[in-house]
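Dumped my_file-v9.txt below, it's compact mmCIF, C-alpha atoms:
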# COMPACT_ATOMS: atom_id res chain seq x y z
CA MET A 1 1.34 71.31 -33.96
CA ASN A 2 3.68 68.82 -35.64
CA ARG A 3 4.77 67.31 -32.33
CA LEU A 4 4.88 63.92 -34.07
CA ALA A 5 6.29 65.05 -37.41
CA GLY A 6 8.29 62.30 -39.10
CA LYS A 7 7.06 59.60 -36.68
CA VAL A 8 5.12 56.43 -37.43
CA ALA A 9 2.45 55.08 -35.06
CA ILE A 10 0.45 51.88 -34.79
CA ILE A 11 -2.85 52.47 -32.99
CA THR A 12 -5.04 49.47 -32.15
CA GLY A 13 -8.79 49.64 -31.67
CA ALA A 14 -8.80 52.74 -33.86
CA ALA A 15 -12.10 52.33 -35.70
CA ARG A 16 -14.00 54.31 -33.07
CA GLY A 17 -13.85 55.83 -29.60
CA GLN A 18 -10.49 56.59 -27.99
CA GLY A 19 -8.54 54.90 -30.78
CA GLU A 20 -10.23 56.94 -33.49
CA ALA A 21 -9.67 60.18 -31.55
CA THR A 22 -6.02 59.26 -31.09
CA ALA A 23 -5.56 58.50 -34.80
CA ARG A 24 -7.10 61.84 -35.75
CA LEU A 25 -4.98 63.78 -33.25
CA PHE A 26 -1.74 62.03 -34.20
CA ALA A 27 -2.36 62.62 -37.91
CA ALA A 28 -3.01 66.30 -37.17
CA GLU A 29 0.33 66.38 -35.35
CA GLY A 30 2.19 65.18 -38.45
CA CYS A 31 2.34 61.45 -37.69
CA SER A 32 1.99 58.63 -40.21
CA VAL A 33 -0.60 56.27 -38.72
CA ILE A 34 -1.41 52.60 -39.09
CA MET A 35 -4.93 52.21 -37.67
CA THR A 36 -5.97 48.67 -36.75
CA ASP A 37 -9.21 47.07 -35.63
CA ILE A 38 -11.51 44.12 -36.34
CA LEU A 39 -14.24 46.60 -37.33
CA VAL A 40 -13.26 46.86 -40.97
CA GLU A 41 -16.03 49.03 -42.41
CA GLU A 42 -15.79 51.60 -39.62
CA GLY A 43 -11.99 51.61 -39.66
CA GLU A 44 -11.71 52.09 -43.41
CA LYS A 45 -14.23 54.92 -43.26
CA VAL A 46 -12.29 56.73 -40.52
CA ALA A 47 -8.97 56.30 -42.32
CA ALA A 48 -10.42 57.66 -45.55
CA ASP A 49 -11.91 60.61 -43.69
CA ILE A 50 -8.59 61.47 -42.03
CA GLY A 51 -6.66 61.06 -45.28
CA GLY A 52 -2.94 61.73 -45.68
CA ASP A 53 -0.50 59.13 -44.39
CA VAL A 54 -3.13 57.09 -42.59
CA ARG A 55 -3.83 53.45 -43.40
CA PHE A 56 -6.26 50.93 -41.93
CA LEU A 57 -5.54 47.24 -41.41
CA ARG A 58 -7.80 44.54 -40.08
CA HIS A 59 -6.04 43.20 -37.02
CA ASP A 60 -6.87 40.67 -34.33
CA ILE A 61 -4.54 41.77 -31.55
CA SER A 62 -4.62 38.33 -29.93
CA SER A 63 -2.93 36.87 -33.04
CA GLU A 64 0.87 36.79 -33.32
CA SER A 65 0.65 36.42 -37.11
CA ASP A 66 -1.60 39.48 -37.33
CA TRP A 67 0.88 41.50 -35.30
CA ALA A 68 3.70 40.38 -37.59
CA MET A 69 1.63 41.47 -40.61
CA VAL A 70 0.89 44.90 -39.13
CA VAL A 71 4.54 45.56 -38.29
CA GLU A 72 5.65 44.37 -41.73
CA GLU A 73 3.15 46.73 -43.35
CA ALA A 74 4.36 49.64 -41.22
CA VAL A 75 7.91 48.99 -42.32
CA ALA A 76 6.92 48.59 -45.96
CA LEU A 77 4.84 51.76 -45.98
CA TYR A 78 6.79 54.05 -43.70
CA GLY A 79 10.12 52.42 -42.90
CA GLY A 80 9.61 51.61 -39.23
CA VAL A 81 7.58 52.09 -36.07
CA ASP A 82 8.21 54.89 -33.58
CA ILE A 83 5.03 54.67 -31.51
CA LEU A 84 2.71 51.90 -30.40
CA ILE A 85 -0.64 52.70 -28.79
CA ASN A 86 -2.11 49.52 -27.29
CA ASN A 87 -5.70 50.73 -27.10
CA ALA A 88 -7.95 47.87 -28.26
CA ALA A 89 -9.93 46.14 -25.52
CA ILE A 90 -13.21 44.44 -24.72
CA SER A 91 -15.25 44.58 -21.52
CA LEU A 92 -17.34 42.23 -19.41
CA PHE A 93 -19.76 43.16 -16.64
CA LYS A 94 -20.26 40.04 -14.52
CA SER A 95 -19.58 38.93 -10.98
CA ILE A 96 -16.75 36.46 -10.42
CA GLU A 97 -19.26 33.69 -9.65
CA ASP A 98 -21.15 34.32 -12.89
CA THR A 99 -18.07 34.53 -15.13
CA GLY A 100 -17.04 31.43 -17.05
CA ALA A 101 -13.43 30.38 -17.57
CA ASP A 102 -13.80 30.76 -21.35
CA GLU A 103 -14.97 34.34 -20.85
CA VAL A 104 -11.90 35.05 -18.74
CA ARG A 105 -9.63 33.52 -21.37
CA ARG A 106 -11.20 35.65 -24.10
CA LEU A 107 -10.69 38.85 -22.12
CA LEU A 108 -7.11 37.91 -21.29
CA ALA A 109 -6.37 37.09 -24.94
CA VAL A 110 -7.47 40.53 -26.10
CA ASN A 111 -6.83 42.83 -23.14
CA ALA A 112 -3.58 41.39 -21.76
CA VAL A 113 -1.97 38.98 -24.21
CA GLY A 114 -2.69 41.34 -27.12
CA PRO A 115 -0.66 44.25 -25.71
CA PHE A 116 2.10 41.81 -24.68
CA ILE A 117 2.42 40.47 -28.23
CA GLY A 118 2.30 44.00 -29.60
CA ILE A 119 5.18 45.15 -27.43
CA LYS A 120 7.15 42.06 -28.38
CA ALA A 121 6.48 42.73 -32.08
CA VAL A 122 7.72 46.33 -32.14
CA LEU A 123 10.64 46.07 -29.72
CA PRO A 124 13.20 44.76 -32.25
CA LEU A 125 12.55 47.72 -34.56
CA MET A 126 12.64 50.23 -31.74
CA LYS A 127 15.80 48.69 -30.29
CA ALA A 128 17.51 48.90 -33.66
CA ALA A 129 16.52 52.57 -33.92
CA ARG A 130 17.37 53.11 -30.24
CA LYS A 131 14.19 55.08 -29.72
CA GLY A 132 10.47 54.62 -29.39
CA SER A 133 7.39 55.17 -27.25
CA ILE A 134 4.84 52.56 -26.22
CA VAL A 135 1.59 53.65 -24.59
CA ASN A 136 -0.61 51.02 -22.99
CA ILE A 137 -4.21 52.05 -22.44
CA SER A 138 -5.19 50.48 -19.13
CA SER A 139 -8.08 51.86 -17.07
CA VAL A 140 -8.92 53.26 -13.66
CA ASN A 141 -9.92 49.61 -13.16
CA GLY A 142 -6.20 48.88 -13.29
CA LEU A 143 -5.77 51.10 -10.24
CA ARG A 144 -8.61 49.70 -8.12
CA GLY A 145 -11.14 46.90 -7.88
CA THR A 146 -14.68 47.26 -9.17
CA SER A 147 -17.61 45.05 -8.16
CA GLY A 148 -18.89 43.07 -11.12
CA MET A 149 -15.79 43.49 -13.31
CA GLY A 150 -13.33 40.95 -11.92
CA ALA A 151 -12.11 39.57 -15.25
CA TYR A 152 -11.78 43.01 -16.83
CA ASP A 153 -10.01 44.42 -13.77
CA MET A 154 -7.55 41.51 -13.78
CA CYS A 155 -6.62 42.32 -17.39
CA LYS A 156 -6.16 46.02 -16.74
CA TRP A 157 -3.98 45.37 -13.70
CA ALA A 158 -1.94 43.04 -15.92
CA VAL A 159 -1.44 45.83 -18.46
CA ARG A 160 -0.28 48.14 -15.67
CA GLY A 161 2.28 45.57 -14.47
CA LEU A 162 3.43 44.80 -18.01
CA THR A 163 4.06 48.51 -18.54
CA LYS A 164 6.44 48.65 -15.57
CA THR A 165 8.47 45.64 -16.66
CA ALA A 166 8.63 46.71 -20.30
CA ALA A 167 9.81 50.16 -19.22
CA LEU A 168 12.69 48.57 -17.32
CA GLU A 169 13.68 46.18 -20.10
CA ALA A 170 13.55 48.84 -22.82
CA ALA A 171 15.15 51.75 -20.97
CA ALA A 172 18.71 51.05 -22.15
CA TYR A 173 17.51 51.52 -25.72
CA ASN A 174 15.84 54.89 -25.09
CA ILE A 175 12.41 53.29 -25.46
CA ARG A 176 9.75 54.65 -23.14
CA VAL A 177 6.73 52.64 -21.95
CA ASN A 178 3.89 54.30 -20.05
CA SER A 179 0.24 53.62 -19.25
CA VAL A 180 -2.88 55.76 -19.50
CA HIS A 181 -5.79 54.97 -17.18
CA PRO A 182 -9.08 56.38 -18.51
CA GLY A 183 -12.06 56.72 -16.24
CA ALA A 184 -15.63 57.03 -17.52
CA ILE A 185 -15.15 58.09 -21.15
CA ASP A 186 -17.98 58.69 -23.62
CA THR A 187 -17.19 55.78 -25.94
CA PRO A 188 -19.24 52.79 -27.18
CA MET A 189 -17.85 50.72 -24.30
CA LEU A 190 -19.45 53.04 -21.71
CA ASN A 191 -22.27 54.32 -23.88
CA PRO A 192 -23.27 51.63 -26.42
CA THR A 193 -26.57 53.36 -27.29
CA ASP A 194 -24.73 56.60 -28.20
CA GLU A 195 -27.12 58.69 -26.14
CA PRO A 196 -25.78 62.05 -24.92
CA ALA A 197 -23.72 61.54 -21.77
CA THR A 198 -25.36 63.42 -18.91
CA GLU A 199 -24.22 65.07 -15.72
CA ALA A 200 -26.53 62.67 -13.89
CA LEU A 201 -24.41 59.71 -15.04
CA ALA A 202 -21.22 61.35 -13.77
CA LEU A 203 -22.86 62.17 -10.45
CA ASP A 204 -24.15 58.61 -10.13
CA LEU A 205 -20.63 57.31 -10.69
CA GLY A 206 -19.18 59.78 -8.18
CA ILE A 207 -16.92 61.66 -10.61
CA PRO A 208 -15.80 64.96 -9.01
CA PHE A 209 -15.67 66.76 -12.39
CA ARG A 210 -19.42 66.10 -12.70
CA ARG A 211 -19.07 64.95 -16.30
CA VAL A 212 -17.73 61.98 -18.20
CA GLY A 213 -14.57 62.36 -20.23
CA GLN A 214 -14.26 62.68 -24.00
CA PRO A 215 -12.15 60.41 -26.24
CA SER A 216 -10.09 63.43 -27.28
CA GLU A 217 -8.97 63.90 -23.68
CA VAL A 218 -7.54 60.39 -23.58
CA ALA A 219 -5.92 61.00 -26.97
CA SER A 220 -4.18 64.08 -25.59
CA ALA A 221 -2.68 62.03 -22.77
CA SER A 222 -1.39 59.50 -25.30
CA LEU A 223 0.07 62.36 -27.35
CA PHE A 224 2.07 63.55 -24.35
CA PHE A 225 3.59 60.11 -23.82
CA ALA A 226 4.15 59.58 -27.57
CA SER A 227 5.87 62.91 -28.13
CA ASP A 228 9.28 64.16 -27.07
CA ASP A 229 7.53 66.28 -24.41
CA SER A 230 7.83 63.19 -22.18
CA SER A 231 11.41 62.33 -23.15
CA TYR A 232 12.41 61.43 -19.56
CA VAL A 233 9.16 59.77 -18.54
CA SER A 234 8.87 55.98 -18.54
CA GLY A 235 7.10 53.45 -16.37
CA ALA A 236 4.58 56.13 -15.41
CA GLU A 237 0.82 55.89 -15.16
CA LEU A 238 -1.59 58.72 -15.84
CA ALA A 239 -5.23 58.67 -14.77
CA VAL A 240 -7.54 60.56 -17.14
CA ASP A 241 -10.60 60.44 -14.93
CA GLY A 242 -11.88 63.81 -13.73
CA ALA A 243 -10.31 63.29 -10.27
CA TRP A 244 -12.22 60.02 -9.83
CA MET A 245 -9.17 58.29 -8.32
CA ALA A 246 -8.03 61.28 -6.28
CA GLY A 247 -10.01 60.24 -3.22
CA LEU A 248 -12.11 57.43 -1.85
CA ASN A 249 -14.74 56.23 -4.27
CA THR A 250 -17.96 56.70 -2.34
CA ASN A 251 -20.11 55.25 -5.09
CA ILE A 252 -21.53 51.89 -3.98
CA GLN A 253 -22.52 50.17 -7.19
CA LYS A 254 -25.95 48.60 -7.21
CA LEU A 255 -25.62 45.24 -8.91
CA ASP A 256 -28.47 42.89 -9.64
CA TYR A 257 -26.76 39.88 -8.12
CA ILE A 258 -26.32 41.54 -4.70
CA PRO A 259 -29.23 40.57 -2.42
Take the structure I supplied and represent it as structure tokens, if you would.
Amino acid sequence: MNRLAGKVAIITGAARGQGEATARLFAAEGCSVIMTDILVEEGEKVAADIGGDVRFLRHDISSESDWAMVVEEAVALYGGVDILINNAAISLFKSIEDTGADEVRRLLAVNAVGPFIGIKAVLPLMKAARKGSIVNISSVNGLRGTSGMGAYDMCKWAVRGLTKTAALEAAAYNIRVNSVHPGAIDTPMLNPTDEPATEALALDLGIPFRRVGQPSEVASASLFFASDDSSYVSGAELAVDGAWMAGLNTNIQKLDYIP
């Protein structure tokens, strides 16, 4: 416990799912947390439930002015920012041929440009303090291609590449930048109807662990990168996927548009 005592974290997409689990875990580890999301009612409810030094802010991560506001609030409330968890994202399940350019731009704005602006917003503070940890939540789709998710995959590969470059540029200031690559996790993105995740789903997807992951398991990976336990780790990528990426993916997805 208290692995994040005295630290301040910004966690995006924290109203539910992986972000919520990460906010709860970080608070339990002694961290002051700024939770952000566009889901105001849910986010405020989670922040109130966690209590302590946890605050919620409405935040469109594709907006530079919103990022400036969030960082300013973190400084005003807690004096700085030690940790950034770029978690917020949206998904799209469409073939390349069926995906419109505006849909691609929307995904890029949230899933790729958003984390880029976030890193840019916190770097001056972290450089001045000569310390910090940035964790970018990518996906196993940032490690492979997936039929029917071209636009989403492009964004998650972009986050993976951004992580490498940011790690290099920030290293001289003792700032670490790493990426987490969740597989099938029981969140609203995978499971929008909130039905119990079954072993059958994991088997259908070809996950060797024979179950989907839990948001808390992704949160634990982020905790490792955020804490001093990973003090000499930067530019790394960690798959949280039940060994899904350990071998060839034998699952041939059955998509409606394939004849």
- Using all atoms listed in the file, which of the listed residues (A:Val159, A:Leu123, A:Val81, A:Val218) sits closest to A:Ser32? A:Val81
- Distance atom CA of A:Glu44-atom CA of A:Glu72, one decimal place? 19.1 Å
If you take only C-alpha atoms and a cut-off of 12 Å, which residues of stretch 25-46 of chain A touch stretch 86-110 of chain A, and what are their nearest atom pairs and distances in Å to one decimal, in chain and number order, as CSV?
residue,atom,partner,partner_atom,distance
A:Met35,CA,A:Asn87,CA,10.7
A:Thr36,CA,A:Ala88,CA,8.8
A:Asp37,CA,A:Ala88,CA,7.5
A:Ile38,CA,A:Ala88,CA,9.6
A:Leu39,CA,A:Ala88,CA,11.1
Take the residues from that selection and write them out as a compact mmCIF listing (two decimals), in the coordinates of the input, keeping C-alpha atoms.
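Result file is again.txt:
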# COMPACT_ATOMS: atom_id res chain seq x y z
CA MET A 35 -4.93 52.21 -37.67
CA THR A 36 -5.97 48.67 -36.75
CA ASP A 37 -9.21 47.07 -35.63
CA ILE A 38 -11.51 44.12 -36.34
CA LEU A 39 -14.24 46.60 -37.33
- State, in Å with one decimal place, the distance from atom CA of A:Val212 to atom CA of A:Gly13. 20.3 Å
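Of the listed residues A:Gly43, A:Gly242, A:Gly118, A:Gly247, the one whose atoms come nearest to A:Arg55 is A:Gly43, with distances taken using only C-alpha atoms.
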- Message: Could you check the closest approach to A:Val135 for each of A:His59, A:Arg176, A:Lys164, A:Arg211 and tell me which residue wins, using only C-alpha atoms?
- Response: A:Arg176
Using all atoms listed in the file, what table do you get, as JSON lines, when you list each residue of stretch 161-253 of chain A with an atom no more than 12 Å from stretch 2-10 of chain A, its nearest pair of atoms, and their distance in Å rounded to one decimal, rows by chain then rising number?
{"residue": "A:Ser220", "atom": "CA", "partner": "A:Arg3", "partner_atom": "CA", "distance": 11.7}
{"residue": "A:Ser222", "atom": "CA", "partner": "A:Ala9", "partner_atom": "CA", "distance": 11.4}
{"residue": "A:Leu223", "atom": "CA", "partner": "A:Leu4", "partner_atom": "CA", "distance": 8.4}
{"residue": "A:Phe224", "atom": "CA", "partner": "A:Arg3", "partner_atom": "CA", "distance": 9.2}
{"residue": "A:Phe225", "atom": "CA", "partner": "A:Leu4", "partner_atom": "CA", "distance": 11.0}
{"residue": "A:Ala226", "atom": "CA", "partner": "A:Leu4", "partner_atom": "CA", "distance": 7.8}
{"residue": "A:Ser227", "atom": "CA", "partner": "A:Leu4", "partner_atom": "CA", "distance": 6.1}
{"residue": "A:Asp228", "atom": "CA", "partner": "A:Arg3", "partner_atom": "CA", "distance": 7.6}
{"residue": "A:Asp229", "atom": "CA", "partner": "A:Arg3", "partner_atom": "CA", "distance": 8.5}
{"residue": "A:Ser230", "atom": "CA", "partner": "A:Arg3", "partner_atom": "CA", "distance": 11.4}
- Query: Got a sec: who's within 8 Å of A:Ala27, counting all atoms listed in the file, leaving out chain neighbours fewer than 2 positions off, as a list in words?
  - Reply: Ala23, Arg24, Leu25, Glu29, Gly30, Cys31, Ser32, Val33, Ile50, Gly52, Asp53 and Val54 of chain A
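If you measure from each of A:Ala68, A:Leu238, A:Leu125, A:Ala74 to A:Ser139 using only C-alpha atoms, the closest one turns out to be A:Leu238.
With all atoms listed in the file as the basis for measurement, A:Val140 is the residue among A:Val113, A:Val233, A:Val140, A:Ala158 that approaches A:Ile207 most closely.
What separates atom CA of A:Ile185 from atom CA of A:Leu57 is a distance of 24.9 Å.
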- Message: Just checking: using all atoms listed in the file, which residue out of A:Ile34, A:Met245, A:Ile175, A:Leu143 ends up closest to A:Tyr78?
- Response: A:Ile34
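All residues that come within 10 Å of the coordinates (-16.4, 66.8, -14.7), counting all atoms listed in the file, are given as A:Glu199, A:Ala202, A:Leu203, A:Gly206, A:Ile207, A:Pro208, A:Phe209, A:Arg210, A:Arg211, A:Val212, A:Gly213, A:Asp241, A:Gly242, A:Ala243, A:Trp244.
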For A:Thr163, list every protein, DNA or RNA residue within 12 Å, evaluated using all atoms listed in the file, and leave out those in the same chain fewer than 5 positions away; present the list as a PDB file with C-alpha atoms, in the frame of the given file.
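Heads up, here's the output in around_18.pdb:
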ATOM      1  CA  ASN A  86      -2.110  49.520 -27.290  1.00  0.00           C
ATOM      2  CA  ALA A 112      -3.580  41.390 -21.760  1.00  0.00           C
ATOM      3  CA  PRO A 115      -0.660  44.250 -25.710  1.00  0.00           C
ATOM      4  CA  PHE A 116       2.100  41.810 -24.680  1.00  0.00           C
ATOM      5  CA  ILE A 119       5.180  45.150 -27.430  1.00  0.00           C
ATOM      6  CA  SER A 133       7.390  55.170 -27.250  1.00  0.00           C
ATOM      7  CA  ILE A 134       4.840  52.560 -26.220  1.00  0.00           C
ATOM      8  CA  VAL A 135       1.590  53.650 -24.590  1.00  0.00           C
ATOM      9  CA  ASN A 136      -0.610  51.020 -22.990  1.00  0.00           C
ATOM     10  CA  ILE A 137      -4.210  52.050 -22.440  1.00  0.00           C
ATOM     11  CA  SER A 138      -5.190  50.480 -19.130  1.00  0.00           C
ATOM     12  CA  GLY A 142      -6.200  48.880 -13.290  1.00  0.00           C
ATOM     13  CA  LYS A 156      -6.160  46.020 -16.740  1.00  0.00           C
ATOM     14  CA  TRP A 157      -3.980  45.370 -13.700  1.00  0.00           C
ATOM     15  CA  ALA A 158      -1.940  43.040 -15.920  1.00  0.00           C
ATOM     16  CA  LEU A 168      12.690  48.570 -17.320  1.00  0.00           C
ATOM     17  CA  GLU A 169      13.680  46.180 -20.100  1.00  0.00           C
ATOM     18  CA  ALA A 170      13.550  48.840 -22.820  1.00  0.00           C
ATOM     19  CA  ALA A 171      15.150  51.750 -20.970  1.00  0.00           C
ATOM     20  CA  ILE A 175      12.410  53.290 -25.460  1.00  0.00           C
ATOM     21  CA  ARG A 176       9.750  54.650 -23.140  1.00  0.00           C
ATOM     22  CA  VAL A 177       6.730  52.640 -21.950  1.00  0.00           C
ATOM     23  CA  ASN A 178       3.890  54.300 -20.050  1.00  0.00           C
ATOM     24  CA  SER A 179       0.240  53.620 -19.250  1.00  0.00           C
ATOM     25  CA  VAL A 180      -2.880  55.760 -19.500  1.00  0.00           C
ATOM     26  CA  HIS A 181      -5.790  54.970 -17.180  1.00  0.00           C
ATOM     27  CA  SER A 234       8.870  55.980 -18.540  1.00  0.00           C
ATOM     28  CA  GLY A 235       7.100  53.450 -16.370  1.00  0.00           C
ATOM     29  CA  ALA A 236       4.580  56.130 -15.410  1.00  0.00           C
ATOM     30  CA  GLU A 237       0.820  55.890 -15.160  1.00  0.00           C
ATOM     31  CA  LEU A 238      -1.590  58.720 -15.840  1.00  0.00           C
TER      32      LEU A 238
END
